[in-house]
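Read the structure below first, then the notes.
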Amino acid sequence: MQKKSFDDYYRPAEDTFFLANYIQNEKGSTALDIGTGSGFLAKILSDNFKLVVSTDINFNALKKAHEIVENCICCNAADALNCNFDLIVCNLPYLPSDQIIDPAVDGLTEGLDVTTNIIKSASNVVKQKGKLVYLTSSLANYTELMKRTESLGFSIKIIAKKKLFFEELVLVECIKL
Ligand SMILES: C[S@@+](CC[C@H](N)C(=O)[O-])C[C@H]1O[C@@H](n2cnc3c(N)ncnc32)[C@H](O)[C@@H]1O
């Protein structure tokens, strides 16, 4: 995962493409891309979903995303939303860090604080039997993150892993029970 300055936005990278590959065949009525960055994943979702909403806390990112997708909302995770989604995707800011210098990647303690906050928020707006797909990494304590996700009422499984030079990407699929 690359480091970017906060004024900037996260450019689609290997992690983005890895997640994109797994969501391109998903279909449904409503989808949400949390932490949309450039809007790359939301754009892919818009091929197969009637309504796609994108959120990010970085307004600069949303300005970029708005060039290619509609319904861009600046907020924490899904906190501003009052509707339910068939599918929620998130390429999480999972890197362990002492502080948040770059919100695109910094996830605080063991990469768990920010990611848990996002998943909790997502769990409030996913439909029953709906799906949450998130990307995390061997650099984070992803087994603990999966336990926390399960405790929010999801059945979860790892659907893919990909080894990079310095980390292993981990793609997790969660179904709301
Ligand atoms: C790893 S980047 C992924 C960007 C894009 N989805 C992609 O895959 O290329 C994580 C994104 O999450 C956003 N983000 C971080 N914390 C967030 C939060 N609490 N709520 C919403 N977005 C957040 C960052 O600004 C950044 O755009």
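In the structure tokens, each chain is lettered A, B, ... as it comes, each chain's residues begin at 1, and ligands are numbered from 1 in order of appearance.
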Contacts of Pro12 in chain A at 9 Å (only C-alpha atoms; same-chain gap of 6+ positions) as a VMD selection string
chain A and resid 37 to 41
Quick one: contact table of range 54-147 of chain A to range 17-24 of chain A, 9 Å max, nearest atom pair and distance in Å to one decimal per residue, counting only C-alpha atoms, chain and number order, as a Markdown table?
| residue | atom | partner | partner_atom | distance |
| --- | --- | --- | --- | --- |
| A:Val89 | CA | A:Ile23 | CA | 8.2 |
| A:Cys90 | CA | A:Leu19 | CA | 8.6 |
| A:Asn91 | CA | A:Leu19 | CA | 7.4 |
| A:Val133 | CA | A:Ile23 | CA | 8.4 |
| A:Tyr134 | CA | A:Leu19 | CA | 8.0 |
| A:Leu135 | CA | A:Leu19 | CA | 6.9 |
Selection export as a CSV table (one decimal), in the first residue's frame, atoms kept: C-alpha atoms:
chain,number,residue,atom,x,y,z
A,89,VAL,CA,-17.1,-2.7,-0.4
A,90,CYS,CA,-14.1,-1.1,1.3
A,91,ASN,CA,-10.4,-1.0,0.6
A,133,VAL,CA,-16.4,-7.2,1.2
A,134,TYR,CA,-13.3,-5.6,2.6
A,135,LEU,CA,-9.6,-5.7,1.9
If you run DSSP on this backbone, which residues of chain A come out as helix (DSSP H, G or I), and could you give them as a PyMOL selection string?
chain A and resi 14-23+40-45+59-65+109-111+113-123+142-151
Take the residues from that selection and put them in a file with C-alpha atoms, as a PDB file, in the first residue's frame.
ATOM      1  CA  GLU A  14      -2.493  -3.166  -6.726  1.00  0.00           C
ATOM      2  CA  ASP A  15      -4.862  -3.490  -3.746  1.00  0.00           C
ATOM      3  CA  THR A  16      -7.584  -1.567  -5.619  1.00  0.00           C
ATOM      4  CA  PHE A  17      -7.274  -3.851  -8.665  1.00  0.00           C
ATOM      5  CA  PHE A  18      -7.285  -6.967  -6.497  1.00  0.00           C
ATOM      6  CA  LEU A  19     -10.585  -5.914  -4.894  1.00  0.00           C
ATOM      7  CA  ALA A  20     -11.988  -4.735  -8.232  1.00  0.00           C
ATOM      8  CA  ASN A  21     -11.436  -8.177  -9.703  1.00  0.00           C
ATOM      9  CA  TYR A  22     -13.685  -9.737  -7.064  1.00  0.00           C
ATOM     10  CA  ILE A  23     -16.535  -7.248  -7.237  1.00  0.00           C
ATOM     11  CA  PHE A  40     -12.464   3.519  -9.221  1.00  0.00           C
ATOM     12  CA  LEU A  41     -14.390   0.771  -7.370  1.00  0.00           C
ATOM     13  CA  ALA A  42     -17.665   2.726  -7.356  1.00  0.00           C
ATOM     14  CA  LYS A  43     -17.403   3.133 -11.118  1.00  0.00           C
ATOM     15  CA  ILE A  44     -17.093  -0.624 -11.553  1.00  0.00           C
ATOM     16  CA  LEU A  45     -20.101  -1.189  -9.281  1.00  0.00           C
ATOM     17  CA  PHE A  59     -13.054  15.890   0.271  1.00  0.00           C
ATOM     18  CA  ASN A  60     -10.270  16.095  -2.319  1.00  0.00           C
ATOM     19  CA  ALA A  61     -10.804  12.439  -3.091  1.00  0.00           C
ATOM     20  CA  LEU A  62     -14.532  12.982  -3.502  1.00  0.00           C
ATOM     21  CA  LYS A  63     -13.963  15.833  -5.928  1.00  0.00           C
ATOM     22  CA  LYS A  64     -11.944  13.395  -8.040  1.00  0.00           C
ATOM     23  CA  ALA A  65     -14.485  10.584  -7.653  1.00  0.00           C
ATOM     24  CA  THR A 109      -3.261   0.236  16.722  1.00  0.00           C
ATOM     25  CA  GLU A 110      -2.496  -2.993  14.820  1.00  0.00           C
ATOM     26  CA  GLY A 111      -4.454  -1.501  11.930  1.00  0.00           C
ATOM     27  CA  ASP A 113      -9.047   1.140  15.264  1.00  0.00           C
ATOM     28  CA  VAL A 114     -10.038   2.849  12.025  1.00  0.00           C
ATOM     29  CA  THR A 115     -11.058  -0.377  10.326  1.00  0.00           C
ATOM     30  CA  THR A 116     -13.280  -1.489  13.214  1.00  0.00           C
ATOM     31  CA  ASN A 117     -14.957   1.922  13.215  1.00  0.00           C
ATOM     32  CA  ILE A 118     -15.653   1.619   9.468  1.00  0.00           C
ATOM     33  CA  ILE A 119     -16.984  -1.930   9.708  1.00  0.00           C
ATOM     34  CA  LYS A 120     -19.270  -1.009  12.622  1.00  0.00           C
ATOM     35  CA  SER A 121     -20.682   1.840  10.567  1.00  0.00           C
ATOM     36  CA  ALA A 122     -21.117  -0.436   7.545  1.00  0.00           C
ATOM     37  CA  SER A 123     -22.948  -3.022   9.636  1.00  0.00           C
ATOM     38  CA  TYR A 142      -6.665  -9.178  10.413  1.00  0.00           C
ATOM     39  CA  THR A 143      -7.670 -12.236  12.444  1.00  0.00           C
ATOM     40  CA  GLU A 144      -8.776  -9.920  15.262  1.00  0.00           C
ATOM     41  CA  LEU A 145     -10.583  -7.716  12.738  1.00  0.00           C
ATOM     42  CA  MET A 146     -12.439 -10.763  11.439  1.00  0.00           C
ATOM     43  CA  LYS A 147     -13.455 -11.731  15.009  1.00  0.00           C
ATOM     44  CA  ARG A 148     -14.771  -8.221  15.569  1.00  0.00           C
ATOM     45  CA  THR A 149     -16.670  -8.368  12.279  1.00  0.00           C
ATOM     46  CA  GLU A 150     -18.249 -11.676  13.282  1.00  0.00           C
ATOM     47  CA  SER A 151     -19.375 -10.171  16.584  1.00  0.00           C
TER      48      SER A 151
END
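For ligand 1, the protein and nucleic acid residues at most 6 Å away, judged by only C-alpha atoms and all ligand atoms, amount to A:Tyr10, A:Arg11, A:Pro12, A:Thr16, A:Ile34, A:Gly35, A:Thr36, A:Gly37, A:Thr55, A:Asp56, A:Ile57, A:Asn58, A:Cys75, A:Asn76, A:Ala77, A:Asn91, A:Leu92, A:Pro93, A:Pro103, A:Ala104, A:Val105, A:Ile118.
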Can you list every residue in range 22-136 of chain A that DSSP puts in strand (DSSP E or B), as JSON, numbers by chain?
{"A": [28, 29, 30, 31, 32, 33, 34, 49, 50, 51, 52, 53, 54, 55, 56, 72, 73, 74, 85, 86, 87, 88, 89, 90, 91, 95, 106, 126, 127, 128, 129, 130, 131, 132, 133, 134, 135, 136]}
Polymer residues at most 12 Å from Asn124 in chain A, only C-alpha atoms, same-chain spacing of 4 or more positions, as number ranges by chain:
A: 77-85, 88, 117-120, 128, 130, 132, 152-154, 176
Got time to write the residues from that selection, C-alpha atoms, as a PDB file, in the first residue's frame?
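Result went into part_8.pdb, see below:
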ATOM      1  CA  ALA A  77     -17.696   5.552   6.759  1.00  0.00           C
ATOM      2  CA  ALA A  78     -21.499   5.174   6.324  1.00  0.00           C
ATOM      3  CA  ASP A  79     -22.520   7.417   9.230  1.00  0.00           C
ATOM      4  CA  ALA A  80     -24.454   9.954   7.121  1.00  0.00           C
ATOM      5  CA  LEU A  81     -26.518   7.308   5.315  1.00  0.00           C
ATOM      6  CA  ASN A  82     -30.028   6.249   6.120  1.00  0.00           C
ATOM      7  CA  CYS A  83     -30.615   3.473   3.594  1.00  0.00           C
ATOM      8  CA  ASN A  84     -29.658  -0.181   3.220  1.00  0.00           C
ATOM      9  CA  PHE A  85     -27.293  -1.738   0.708  1.00  0.00           C
ATOM     10  CA  ILE A  88     -20.752  -2.689   0.614  1.00  0.00           C
ATOM     11  CA  ASN A 117     -14.957   1.922  13.215  1.00  0.00           C
ATOM     12  CA  ILE A 118     -15.653   1.619   9.468  1.00  0.00           C
ATOM     13  CA  ILE A 119     -16.984  -1.930   9.708  1.00  0.00           C
ATOM     14  CA  LYS A 120     -19.270  -1.009  12.622  1.00  0.00           C
ATOM     15  CA  GLN A 128     -30.054  -8.616   5.970  1.00  0.00           C
ATOM     16  CA  GLY A 130     -26.432  -8.431   2.217  1.00  0.00           C
ATOM     17  CA  LEU A 132     -19.715  -6.584   2.930  1.00  0.00           C
ATOM     18  CA  LEU A 152     -21.299  -7.546  14.617  1.00  0.00           C
ATOM     19  CA  GLY A 153     -23.572 -10.259  13.206  1.00  0.00           C
ATOM     20  CA  PHE A 154     -21.778 -11.346  10.049  1.00  0.00           C
ATOM     21  CA  LYS A 176     -25.109 -10.092   7.372  1.00  0.00           C
TER      22      LYS A 176
END
Tell me, as a PyMOL selection string, which residues lie within 9 Å of Ala160 in chain A, counting only C-alpha atoms; anything in the same chain fewer than 2 positions away does not count.
chain A and resi 22+158+162+169-172
Selected residues written out with N, CA and C atoms, as a PDB file, in the first residue's frame:
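This went into again-v7.pdb:
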ATOM      1  N   TYR A  22     -12.691  -8.903  -7.761  1.00  0.00           N
ATOM      2  CA  TYR A  22     -13.685  -9.737  -7.064  1.00  0.00           C
ATOM      3  C   TYR A  22     -15.073  -9.114  -7.012  1.00  0.00           C
ATOM      4  N   ILE A 158     -12.471 -15.718   4.381  1.00  0.00           N
ATOM      5  CA  ILE A 158     -11.461 -15.134   3.497  1.00  0.00           C
ATOM      6  C   ILE A 158     -11.712 -15.704   2.106  1.00  0.00           C
ATOM      7  N   LYS A 162      -3.416 -12.458  -1.679  1.00  0.00           N
ATOM      8  CA  LYS A 162      -2.437 -12.204  -2.733  1.00  0.00           C
ATOM      9  C   LYS A 162      -1.124 -11.729  -2.113  1.00  0.00           C
ATOM     10  N   LEU A 169      -2.096  -9.395   0.780  1.00  0.00           N
ATOM     11  CA  LEU A 169      -3.433  -8.803   0.799  1.00  0.00           C
ATOM     12  C   LEU A 169      -4.440  -9.878   1.169  1.00  0.00           C
ATOM     13  N   VAL A 170      -5.445  -9.505   1.946  1.00  0.00           N
ATOM     14  CA  VAL A 170      -6.454 -10.462   2.414  1.00  0.00           C
ATOM     15  C   VAL A 170      -7.833  -9.883   2.116  1.00  0.00           C
ATOM     16  N   LEU A 171      -8.594 -10.639   1.342  1.00  0.00           N
ATOM     17  CA  LEU A 171      -9.934 -10.176   0.965  1.00  0.00           C
ATOM     18  C   LEU A 171     -10.970 -10.959   1.770  1.00  0.00           C
ATOM     19  N   VAL A 172     -11.821 -10.235   2.490  1.00  0.00           N
ATOM     20  CA  VAL A 172     -12.768 -10.872   3.406  1.00  0.00           C
ATOM     21  C   VAL A 172     -14.200 -10.594   2.950  1.00  0.00           C
TER      22      VAL A 172
END
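Coordinates place CA of Leu32 in chain A at a distance of 22.4 Å from CA of Asp102 in chain A.
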Extract, using only C-alpha atoms, all DNA, RNA and protein residues at most 9 Å from Gln99 in chain A, discarding same-chain residues fewer than 4 positions from it, and format them as a PyMOL selection string.
chain A and resi 106-109
Just to confirm, what's the straight-line distance from CA of Asp86 in chain A to CA of Lys129 in chain A in Å (one decimal)?
8.0 Å
